[in-house]
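Below: final_34.csv (CSV, C-alpha atoms)
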chain,number,residue,atom,x,y,z
A,1229,MET,CA,-11.2,9.0,26.3
A,1230,ALA,CA,-14.8,9.1,27.7
A,1231,ASP,CA,-15.7,11.4,24.9
A,1232,LEU,CA,-14.4,9.0,22.3
A,1233,GLU,CA,-16.2,6.1,23.9
A,1234,SER,CA,-19.5,8.1,23.8
A,1235,LEU,CA,-18.8,9.0,20.2
A,1236,SER,CA,-18.2,5.4,19.4
A,1237,VAL,CA,-21.6,4.5,20.8
A,1238,ILE,CA,-23.3,7.3,18.8
A,1239,LEU,CA,-21.6,6.1,15.6
A,1240,MET,CA,-22.6,2.5,16.4
A,1241,TRP,CA,-26.3,3.3,16.8
A,1242,THR,CA,-26.3,5.5,13.7
A,1243,ALA,CA,-24.8,2.6,11.8
A,1244,ILE,CA,-27.5,0.2,13.2
A,1245,ALA,CA,-30.3,2.6,12.1
A,1246,ILE,CA,-28.9,2.9,8.6
A,1247,TYR,CA,-28.3,-0.8,8.3
A,1248,ALA,CA,-32.0,-1.2,9.3
A,1249,LEU,CA,-33.0,1.1,6.4
A,1250,ALA,CA,-30.8,-0.8,4.0
A,1251,PHE,CA,-32.5,-4.0,5.2
A,1252,LEU,CA,-35.8,-2.5,4.3
A,1253,ALA,CA,-34.6,-1.4,0.9
A,1254,TYR,CA,-33.3,-4.9,0.2
A,1255,ALA,CA,-36.6,-6.4,1.4
A,1256,PHE,CA,-38.5,-4.1,-0.9
A,1257,ASP,CA,-36.2,-5.2,-3.7
A,1258,LEU,CA,-37.1,-8.9,-3.2
A,1259,ALA,CA,-40.8,-8.0,-3.0
A,1260,SER,CA,-40.6,-6.0,-6.2
A,1261,ARG,CA,-38.7,-8.9,-7.9
A,1262,SER,CA,-41.6,-11.2,-6.9
A,1263,ALA,CA,-44.2,-8.7,-8.2
A,1264,LYS,CA,-42.3,-8.3,-11.5
A,1265,THR,CA,-41.9,-12.0,-12.1
A,1266,ALA,CA,-45.6,-12.5,-11.3
A,1267,ASP,CA,-46.5,-9.8,-13.9
A,1268,ALA,CA,-44.1,-11.3,-16.4
A,1269,ARG,CA,-45.7,-14.7,-16.0
A,1270,LEU,CA,-49.1,-13.2,-16.5
A,1271,GLU,CA,-48.0,-11.3,-19.6
A,1272,THR,CA,-46.4,-14.5,-21.0
A,1273,ALA,CA,-49.7,-16.4,-20.4
A,1274,LYS,CA,-51.6,-13.6,-22.2
A,1275,GLN,CA,-49.2,-13.7,-25.2
A,1276,LEU,CA,-49.4,-17.5,-25.4
A,1277,ALA,CA,-53.2,-17.3,-25.4
A,1278,THR,CA,-53.1,-14.6,-28.1
A,1279,VAL,CA,-50.7,-16.7,-30.2
A,1280,GLY,CA,-52.9,-19.8,-29.7
A,1281,ALA,CA,-56.0,-17.9,-30.8
A,1282,GLY,CA,-54.2,-16.6,-33.9
A,1283,ALA,CA,-53.0,-20.2,-34.8
A,1284,ALA,CA,-56.6,-21.4,-34.7
A,1285,THR,CA,-57.8,-18.7,-37.2
A,1286,ASP,CA,-54.7,-18.3,-39.4
A,1287,ALA,CA,-51.8,-20.8,-38.9
A,1288,GLY,CA,-49.6,-18.7,-41.3
A,1289,ASP,CA,-49.6,-15.8,-38.9
A,1290,ALA,CA,-48.6,-17.8,-35.8
A,1291,ALA,CA,-44.9,-18.1,-36.6
A,1292,PRO,CA,-44.3,-14.4,-37.1
A,1293,ALA,CA,-46.3,-13.6,-33.9
A,1294,ALA,CA,-44.2,-16.1,-31.9
A,1295,SER,CA,-41.0,-14.9,-33.5
A,1296,GLY,CA,-41.9,-11.3,-32.6
A,1297,SER,CA,-42.6,-12.3,-29.0
A,1298,ALA,CA,-39.3,-14.1,-28.6
A,1299,SER,CA,-37.3,-11.2,-30.1
A,1300,SER,CA,-38.9,-8.7,-27.9
A,1301,GLY,CA,-38.1,-10.9,-24.9
A,1302,SER,CA,-34.5,-11.3,-25.9
A,1303,GLY,CA,-34.1,-7.6,-26.5
A,1304,ALA,CA,-35.5,-6.6,-23.1
A,1305,ALA,CA,-33.3,-4.4,-21.0
A,1306,LYS,CA,-31.6,-6.0,-18.0
A,1307,PRO,CA,-33.4,-5.3,-14.7
A,1308,ARG,CA,-31.8,-2.5,-12.8
A,1309,TYR,CA,-33.2,-3.4,-9.3
A,1310,VAL,CA,-33.3,0.2,-8.1
A,1311,MET,CA,-34.2,-0.7,-4.5
A,1312,ALA,CA,-31.2,-3.1,-4.4
A,1313,ARG,CA,-29.0,-0.3,-5.5
A,1314,ILE,CA,-30.4,2.0,-2.8
A,1315,GLY,CA,-29.9,-0.8,-0.2
A,1316,THR,CA,-26.3,-1.2,-1.3
A,1317,SER,CA,-25.7,2.6,-1.1
A,1318,LEU,CA,-27.1,2.7,2.4
A,1319,THR,CA,-25.0,-0.3,3.4
A,1320,VAL,CA,-21.9,1.5,2.3
A,1321,LEU,CA,-22.9,4.5,4.3
A,1322,ALA,CA,-23.7,2.5,7.4
A,1323,TRP,CA,-20.4,0.6,7.1
A,1324,ILE,CA,-18.5,3.9,7.2
A,1325,PHE,CA,-20.2,4.8,10.4
A,1326,HIS,CA,-19.6,1.3,11.7
A,1327,LEU,CA,-15.9,1.6,10.9
A,1328,GLY,CA,-15.8,4.9,12.7
A,1329,ALA,CA,-17.4,3.3,15.8
A,1330,ALA,CA,-14.7,0.6,15.8
A,1331,VAL,CA,-11.8,3.0,15.2
A,1332,THR,CA,-12.9,5.4,17.9
A,1333,ARG,CA,-13.5,2.6,20.4
A,1334,GLY,CA,-10.0,1.2,19.6
A,1335,ILE,CA,-8.4,4.7,20.1
A,1336,ALA,CA,-10.3,5.1,23.4
A,1337,ASP,CA,-9.3,1.5,24.4
A,1338,GLY,CA,-5.6,2.1,23.5
A,1339,HIS,CA,-5.6,-1.4,21.8
A,1340,VAL,CA,-7.4,-3.2,19.1
A,1341,PRO,CA,-11.2,-3.2,19.7
A,1342,TRP,CA,-11.9,-6.9,20.1
A,1343,SER,CA,-11.1,-7.7,23.7
A,1344,ASN,CA,-14.6,-8.5,24.9
A,1345,LEU,CA,-17.9,-9.8,23.5
A,1346,TYR,CA,-19.3,-6.4,22.5
A,1347,GLU,CA,-16.2,-5.4,20.7
A,1348,PHE,CA,-15.9,-8.8,19.0
A,1349,ALA,CA,-19.5,-8.4,17.7
A,1350,MET,CA,-18.7,-4.9,16.5
A,1351,VAL,CA,-15.7,-6.0,14.5
A,1352,GLY,CA,-17.1,-9.3,13.4
A,1353,THR,CA,-20.2,-7.7,11.9
A,1354,LEU,CA,-18.0,-5.0,10.4
A,1355,LEU,CA,-16.1,-7.7,8.6
A,1356,ILE,CA,-19.3,-9.5,7.5
A,1357,ILE,CA,-20.5,-6.4,5.8
A,1358,GLY,CA,-17.0,-5.6,4.5
A,1359,VAL,CA,-16.7,-9.0,2.9
A,1360,TYR,CA,-20.2,-8.7,1.4
A,1361,LEU,CA,-19.4,-5.4,-0.1
A,1362,LEU,CA,-16.1,-6.7,-1.5
A,1363,VAL,CA,-17.8,-9.6,-3.1
A,1364,LEU,CA,-20.3,-7.2,-4.7
A,1365,THR,CA,-17.5,-5.7,-6.7
A,1366,ARG,CA,-17.1,-9.1,-8.5
A,1367,LEU,CA,-20.4,-10.9,-8.2
A,1368,ASP,CA,-24.0,-9.6,-8.0
A,1369,VAL,CA,-25.1,-11.2,-4.7
A,1370,ARG,CA,-27.5,-8.4,-3.8
A,1371,TYR,CA,-30.2,-11.0,-3.4
A,1372,LEU,CA,-28.4,-11.8,-0.1
A,1373,GLY,CA,-28.7,-8.2,1.1
A,1374,SER,CA,-31.8,-8.5,3.2
A,1375,PHE,CA,-30.5,-11.8,4.8
A,1376,ILE,CA,-27.1,-10.4,5.6
A,1377,LEU,CA,-28.4,-7.0,6.8
A,1378,GLY,CA,-31.1,-8.6,8.9
A,1379,LEU,CA,-28.5,-10.8,10.6
A,1380,VAL,CA,-26.2,-7.9,11.3
A,1381,VAL,CA,-28.9,-5.6,12.6
A,1382,VAL,CA,-30.1,-8.4,15.0
A,1383,LEU,CA,-26.5,-9.2,16.2
A,1384,LEU,CA,-25.6,-5.5,16.7
A,1385,GLY,CA,-28.9,-4.7,18.3
A,1386,LEU,CA,-28.6,-7.5,20.8
A,1387,THR,CA,-25.0,-6.9,21.7
A,1388,SER,CA,-25.4,-3.1,22.0
A,1389,THR,CA,-28.4,-3.4,24.3
A,1390,ASN,CA,-27.4,-6.5,26.3
A,1391,PHE,CA,-23.6,-7.0,26.1
A,1392,TYR,CA,-22.3,-3.5,26.1
A,1393,VAL,CA,-19.4,-2.9,28.5
A,1394,ALA,CA,-17.5,0.2,29.3
A,1395,ILE,CA,-13.8,0.4,28.4
A,1396,THR,CA,-11.6,-1.4,30.9
A,1397,PRO,CA,-7.9,-2.3,31.0
A,1398,LEU,CA,-6.9,-5.5,29.2
A,1399,ALA,CA,-6.7,-8.7,31.1
A,1400,GLU,CA,-3.1,-9.9,31.5
A,1401,PRO,CA,-3.3,-12.9,29.1
A,1402,LEU,CA,-4.7,-10.6,26.4
A,1403,LYS,CA,-1.6,-8.3,26.4
A,1404,SER,CA,-0.1,-10.1,23.4
A,1405,ALA,CA,0.4,-9.6,19.7
A,1406,TRP,CA,-1.6,-12.8,19.3
A,1407,LEU,CA,-4.7,-10.8,20.3
A,1408,VAL,CA,-4.4,-8.9,17.0
A,1409,ILE,CA,-3.7,-12.0,14.8
A,1410,HIS,CA,-5.8,-14.7,16.4
A,1411,VAL,CA,-9.1,-12.8,17.0
A,1412,PHE,CA,-8.9,-10.9,13.7
A,1413,VAL,CA,-8.6,-14.1,11.7
A,1414,ALA,CA,-11.4,-15.7,13.7
A,1415,SER,CA,-13.6,-12.7,12.9
A,1416,LEU,CA,-12.7,-12.9,9.2
A,1417,SER,CA,-13.5,-16.6,9.0
A,1418,THR,CA,-16.8,-15.9,10.8
A,1419,ALA,CA,-17.7,-13.4,8.1
A,1420,LEU,CA,-16.9,-15.9,5.3
A,1421,PHE,CA,-19.0,-18.6,7.1
A,1422,ALA,CA,-21.9,-16.1,7.4
A,1423,LEU,CA,-22.0,-15.6,3.6
A,1424,ALA,CA,-21.8,-19.3,3.0
A,1425,PHE,CA,-24.7,-19.7,5.5
A,1426,ALA,CA,-26.8,-17.1,3.7
A,1427,LEU,CA,-26.1,-18.8,0.3
A,1428,SER,CA,-27.0,-22.2,1.8
A,1429,VAL,CA,-30.4,-21.0,3.0
A,1430,MET,CA,-31.1,-19.5,-0.4
A,1431,GLN,CA,-30.0,-22.8,-2.0
A,1432,LEU,CA,-32.6,-24.7,0.0
A,1433,LEU,CA,-35.3,-22.3,-1.0
A,1434,GLN,CA,-34.2,-22.5,-4.7
A,1435,MET,CA,-34.1,-26.3,-4.6
A,1436,ARG,CA,-37.7,-26.4,-3.3
A,1437,ARG,CA,-38.7,-24.0,-6.1
A,1438,GLU,CA,-37.0,-26.1,-8.7
A,1439,ARG,CA,-38.6,-29.3,-7.4
A,1440,LEU,CA,-42.1,-27.7,-7.6
A,1441,VAL,CA,-41.4,-26.4,-11.1
A,1442,ALA,CA,-40.4,-30.0,-12.2
A,1443,GLU,CA,-43.6,-31.3,-10.7
A,1444,GLY,CA,-45.6,-28.7,-12.6
A,1445,ALA,CA,-47.0,-27.1,-9.4
A,1446,ALA,CA,-49.0,-23.9,-9.9
A,1447,LYS,CA,-47.3,-22.2,-7.0
A,1448,THR,CA,-43.5,-22.5,-6.7
A,1449,GLY,CA,-42.7,-20.1,-3.9
A,1450,PRO,CA,-41.4,-16.5,-3.8
A,1451,GLY,CA,-41.1,-14.9,-7.2
A,1452,PHE,CA,-37.7,-13.4,-6.5
A,1453,LEU,CA,-36.2,-16.9,-6.6
A,1454,ARG,CA,-36.6,-16.8,-10.4
A,1455,THR,CA,-34.2,-13.8,-10.5
A,1456,ILE,CA,-31.3,-15.4,-8.7
A,1457,PRO,CA,-28.9,-18.2,-9.7
A,1458,ASP,CA,-30.0,-21.8,-9.6
A,1459,SER,CA,-29.3,-24.1,-6.6
A,1460,THR,CA,-26.2,-25.6,-8.2
A,1461,ARG,CA,-24.6,-22.2,-8.6
A,1462,LEU,CA,-25.6,-21.1,-5.1
A,1463,GLU,CA,-24.1,-24.3,-3.6
A,1464,SER,CA,-20.9,-23.8,-5.5
A,1465,LEU,CA,-20.5,-20.2,-4.2
A,1466,ALA,CA,-21.3,-21.4,-0.6
A,1467,TYR,CA,-18.6,-24.1,-0.9
A,1468,ARG,CA,-16.0,-21.6,-2.1
A,1469,PHE,CA,-16.6,-19.2,0.8
A,1470,THR,CA,-16.6,-22.2,3.2
A,1471,VAL,CA,-13.2,-23.4,1.9
A,1472,VAL,CA,-11.6,-20.0,2.4
A,1473,GLY,CA,-13.3,-19.6,5.8
A,1474,PHE,CA,-12.1,-23.0,6.8
A,1475,ILE,CA,-8.5,-22.2,6.0
A,1476,ALA,CA,-8.8,-19.1,8.1
A,1477,TRP,CA,-10.4,-21.0,10.9
A,1478,THR,CA,-7.6,-23.6,10.8
A,1479,PHE,CA,-5.1,-20.8,11.3
A,1480,THR,CA,-7.3,-19.5,14.1
A,1481,LEU,CA,-7.1,-22.9,15.9
A,1482,MET,CA,-3.3,-23.1,15.4
A,1483,ALA,CA,-2.7,-19.5,16.5
A,1484,GLY,CA,-4.8,-20.1,19.6
A,1485,ALA,CA,-2.8,-23.1,20.5
A,1486,ILE,CA,0.5,-21.1,20.2
A,1487,TRP,CA,-1.0,-18.3,22.2
A,1488,ALA,CA,-2.2,-20.7,24.9
A,1489,GLN,CA,1.4,-22.1,25.2
A,1490,ASP,CA,2.7,-18.6,25.6
A,1491,ALA,CA,0.1,-17.5,28.1
A,1492,TRP,CA,-0.6,-20.7,30.1
A,1493,GLY,CA,2.2,-23.0,29.3
A,1494,ARG,CA,0.2,-25.6,27.4
A,1495,PHE,CA,-1.0,-25.9,23.8
A,1496,TRP,CA,-4.4,-27.5,24.6
A,1497,GLY,CA,-6.4,-27.8,27.8
A,1498,PHE,CA,-9.9,-28.8,26.7
A,1499,ASP,CA,-11.2,-25.4,27.9
A,1500,VAL,CA,-14.8,-25.0,26.7
A,1501,LYS,CA,-13.9,-22.3,24.2
A,1502,GLU,CA,-11.1,-24.4,22.8
A,1503,THR,CA,-13.3,-27.5,22.6
A,1504,TRP,CA,-16.0,-25.6,20.7
A,1505,THR,CA,-13.5,-24.1,18.3
A,1506,PHE,CA,-12.4,-27.6,17.5
A,1507,ILE,CA,-16.0,-28.8,17.1
A,1508,ILE,CA,-16.6,-26.1,14.5
A,1509,TRP,CA,-13.4,-27.1,12.7
A,1510,VAL,CA,-14.6,-30.7,12.6
A,1511,LEU,CA,-18.0,-29.7,11.3
A,1512,TYR,CA,-16.6,-27.7,8.4
A,1513,ALA,CA,-13.9,-30.3,7.7
A,1514,GLY,CA,-16.6,-32.9,7.5
A,1515,TYR,CA,-18.6,-30.6,5.2
A,1516,ILE,CA,-15.7,-30.1,2.8
A,1517,HIS,CA,-14.6,-33.8,2.9
A,1518,ALA,CA,-18.1,-35.1,2.4
A,1519,ARG,CA,-18.8,-32.8,-0.5
A,1520,ALA,CA,-15.4,-33.3,-2.2
A,1521,THR,CA,-15.0,-37.1,-1.7
A,1522,ARG,CA,-18.4,-38.6,-1.0
A,1523,GLY,CA,-20.4,-36.6,-3.5
A,1524,TRP,CA,-22.6,-34.9,-1.0
A,1525,ARG,CA,-24.6,-32.4,-3.0
A,1526,GLY,CA,-27.9,-30.6,-2.6
A,1527,SER,CA,-29.8,-30.3,0.7
A,1528,ARG,CA,-27.3,-32.4,2.8
A,1529,SER,CA,-24.4,-30.1,2.1
A,1530,ALA,CA,-26.6,-27.0,2.6
A,1531,TRP,CA,-27.7,-28.3,6.0
A,1532,LEU,CA,-24.1,-29.1,7.0
A,1533,SER,CA,-23.2,-25.5,6.2
A,1534,ILE,CA,-26.1,-24.2,8.3
A,1535,VAL,CA,-25.3,-26.4,11.3
A,1536,GLY,CA,-21.7,-25.2,11.1
A,1537,PHE,CA,-22.6,-21.6,11.3
A,1538,ALA,CA,-25.1,-22.3,14.1
A,1539,ALA,CA,-22.1,-23.7,16.0
A,1540,VAL,CA,-20.1,-20.6,15.3
A,1541,ILE,CA,-22.9,-18.3,16.7
A,1542,PHE,CA,-23.3,-20.6,19.7
A,1543,ASN,CA,-19.5,-20.4,20.3
A,1544,PHE,CA,-19.4,-16.6,20.3
A,1545,THR,CA,-22.6,-16.1,22.2
A,1546,ILE,CA,-23.8,-18.8,24.6
A,1547,VAL,CA,-20.3,-20.2,25.3
A,1548,ASN,CA,-18.9,-16.7,26.0
A,1549,VAL,CA,-21.8,-15.7,28.3
A,1550,PHE,CA,-22.8,-18.8,30.1
A,1551,PHE,CA,-19.7,-21.0,30.2
A,1552,LYS,CA,-16.8,-20.1,32.5
A,1553,GLY,CA,-13.2,-20.9,31.6
A,1554,LEU,CA,-9.9,-19.4,30.7
A,1555,HIS,CA,-11.5,-17.7,27.7
A,1556,SER,CA,-14.1,-15.9,29.7
A,1557,TYR,CA,-13.5,-12.4,28.3
A,1558,SER,CA,-17.0,-11.3,27.5
A,1559,GLY,CA,-16.6,-8.4,29.9
A,1560,LEU,CA,-19.9,-9.2,31.6
A,1561,SER,CA,-20.0,-9.6,35.4
Kindly return the structure encoded in the file as structure tokens.
Amino acid sequence: MADLESLSVILMWTAIAIYALAFLAYAFDLASRSAKTADARLETAKQLATVGAGAATDAGDAAPAASGSASSGSGAAKPRYVMARIGTSLTVLAWIFHLGAAVTRGIADGHVPWSNLYEFAMVGTLLIIGVYLLVLTRLDVRYLGSFILGLVVVLLGLTSTNFYVAITPLAEPLKSAWLVIHVFVASLSTALFALAFALSVMQLLQMRRERLVAEGAAKTGPGFLRTIPDSTRLESLAYRFTVVGFIAWTFTLMAGAIWAQDAWGRFWGFDVKETWTFIIWVLYAGYIHARATRGWRGSRSAWLSIVGFAAVIFNFTIVNVFFKGLHSYSGLS
């Protein structure tokens, strides 16, 4: 079992290294998009200047010139975003190593690998990447790649260096089928909230660009924003992920109460972990209610999504490490 534990660590660090390379590839993709949009704007300006000069000398030639310019633009090939494709390929490869690390850890443990903070981070980030790759099969959200990969590299790096614990027997309250159900669904909802968070950040950036464009500003922010959906579309996607994540989080809250009754003889005890789980539920319920019934759109909904995910991260890091209670299963002494 010690060999499997060592193998899990090796696979985990290999995955982190490849994730870092994928992050760089996605970052280069965004940089190249910015450069291409800047070149395209310069070329458009040159063409408009040429058309304008032709109109001054021969008005009859202006229309064909403009028509030819438009037709060449409409017939341009769709950008392939080569670096984004490389980033996605590296992400898939890293995810396979990541999955191997989780599986070998679970076999060495003799139970599902999410009984402490290190293992939860391992499985939680595995699901974040898994959901991201699954969404890619239906929607082109590779513009989120550098954001998602950066988040995962930071979380895995911090947990692997600061929160790693050797395999130990399960605490008595964790010896339950609810460990599989409750924690897995919590991890899945966290993955969905992470994607909604990334979309909300992009939404705020896009809203700023759109405002500057409307004001006629010369500089409107990073060029890659011109290649991604508008802020309304980004907000809609964030809302959809949040709704699904909220349903999963509601089940997490209910399953946790049932498990608490089975383990400690009460459904609710205002333990710090239980309280923060409920706070997160309230934040996302408020986000969904405000957006659906009170017409909250734009930056307010985006900031609610960001605050909600910040509470999720606080719950699974600060609360687990620094607050003592019945849910103190971080594995740290």
Worksheet item: Distance CA of Gly1352 in chain A-CA of Ser1415 in chain A, one decimal place?
Response: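 Separation between CA of Gly1352 in chain A and CA of Ser1415 in chain A: 4.9 Å.
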Item to complete: Considering all atoms listed in the file, return as a VMD selection string whatever protein or nucleic-acid residues lie within 9 Å of Tyr1346 in chain A, sequence-local ones (same chain, fewer than 2 positions apart) excluded.
Response: chain A and resid 1342 to 1344 1348 to 1351 1384 1387 to 1388 1390 to 1393 1558 to 1559
Worksheet item: For Ile1546 in chain A, which residue among A:Val1429, A:Arg1454, A:Phe1474, A:Leu1345 is the nearest when counting only C-alpha atoms?
Response: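 Once distances to Ile1546 in chain A are computed over only C-alpha atoms, the minimum belongs to A:Leu1345.
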At most 12 Å is the cut-off: for each residue in range 1379-1455 of chain A with any atom that close to an atom of range 1503-1509 of chain A, write down the nearest atom pair and the distance in Å rounded to one decimal, counting only C-alpha atoms, chain first then increasing number, as a Markdown table.
| residue | atom | partner | partner_atom | distance |
| --- | --- | --- | --- | --- |
| A:Ala1414 | CA | A:Thr1505 | CA | 9.8 |
| A:Ser1417 | CA | A:Trp1509 | CA | 11.1 |
| A:Thr1418 | CA | A:Ile1508 | CA | 10.9 |
| A:Phe1421 | CA | A:Ile1508 | CA | 10.8 |
Item to complete: Give the answer as one residue: which of A:Ala1476, A:Leu1420, A:Ala1530, A:Leu1362 has the shortest atom-to-atom distance to Gln1434 in chain A, using all atoms listed in the file?
Response: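 Comparing A:Ala1476, A:Leu1420, A:Ala1530, A:Leu1362 against Gln1434 in chain A, the winner is A:Ala1530.
The space separating CA of Ile1356 in chain A from CA of Thr1389 in chain A comes to 20.1 Å.
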Discussion item. Between CA of Ala1255 in chain A and CA of Ser1374 in chain A, what distance in Å does the model show, to one decimal?
Written reply: 5.5 Å
Export range 1467-1506 of chain A, C-alpha atoms, as a short mmCIF file (atom, residue, chain, number, x, y, z; two decimals), in the first residue's frame; it's the structure right above.
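Below you can see decode-v7.cif, which holds the result:
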data_model
loop_
_atom_site.label_atom_id
_atom_site.label_comp_id
_atom_site.auth_asym_id
_atom_site.auth_seq_id
_atom_site.Cartn_x
_atom_site.Cartn_y
_atom_site.Cartn_z
CA TYR A 1467 -26.52 31.32 -14.41
CA ARG A 1468 -27.13 27.88 -15.93
CA PHE A 1469 -24.09 26.37 -14.23
CA THR A 1470 -25.09 28.00 -10.95
CA VAL A 1471 -28.61 26.59 -11.07
CA VAL A 1472 -27.35 23.03 -11.60
CA GLY A 1473 -24.68 23.52 -8.93
CA PHE A 1474 -27.29 24.90 -6.53
CA ILE A 1475 -29.49 21.83 -6.98
CA ALA A 1476 -26.49 19.62 -6.18
CA TRP A 1477 -25.59 21.81 -3.19
CA THR A 1478 -29.16 21.55 -1.87
CA PHE A 1479 -28.86 17.78 -2.02
CA THR A 1480 -25.50 18.07 -0.23
CA LEU A 1481 -27.15 20.01 2.59
CA MET A 1482 -29.98 17.50 2.90
CA ALA A 1483 -27.68 14.47 2.73
CA GLY A 1484 -25.43 16.03 5.36
CA ALA A 1485 -28.40 16.47 7.71
CA ILE A 1486 -29.45 12.84 7.25
CA TRP A 1487 -25.86 11.68 7.84
CA ALA A 1488 -25.63 13.87 10.97
CA GLN A 1489 -28.77 12.24 12.33
CA ASP A 1490 -27.29 8.82 11.68
CA ALA A 1491 -23.86 9.67 13.16
CA TRP A 1492 -24.64 12.07 16.01
CA GLY A 1493 -28.36 11.71 16.63
CA ARG A 1494 -29.38 15.18 15.39
CA PHE A 1495 -30.11 16.70 11.98
CA TRP A 1496 -28.62 20.11 12.73
CA GLY A 1497 -26.28 21.37 15.43
CA PHE A 1498 -24.91 24.68 14.15
CA ASP A 1499 -21.45 23.18 13.81
CA VAL A 1500 -19.22 25.68 11.98
CA LYS A 1501 -19.08 23.52 8.85
CA GLU A 1502 -22.84 23.08 8.82
CA THR A 1503 -23.32 26.80 9.29
CA TRP A 1504 -21.04 27.73 6.39
CA THR A 1505 -22.67 25.15 4.15
CA PHE A 1506 -26.00 26.84 4.87
#
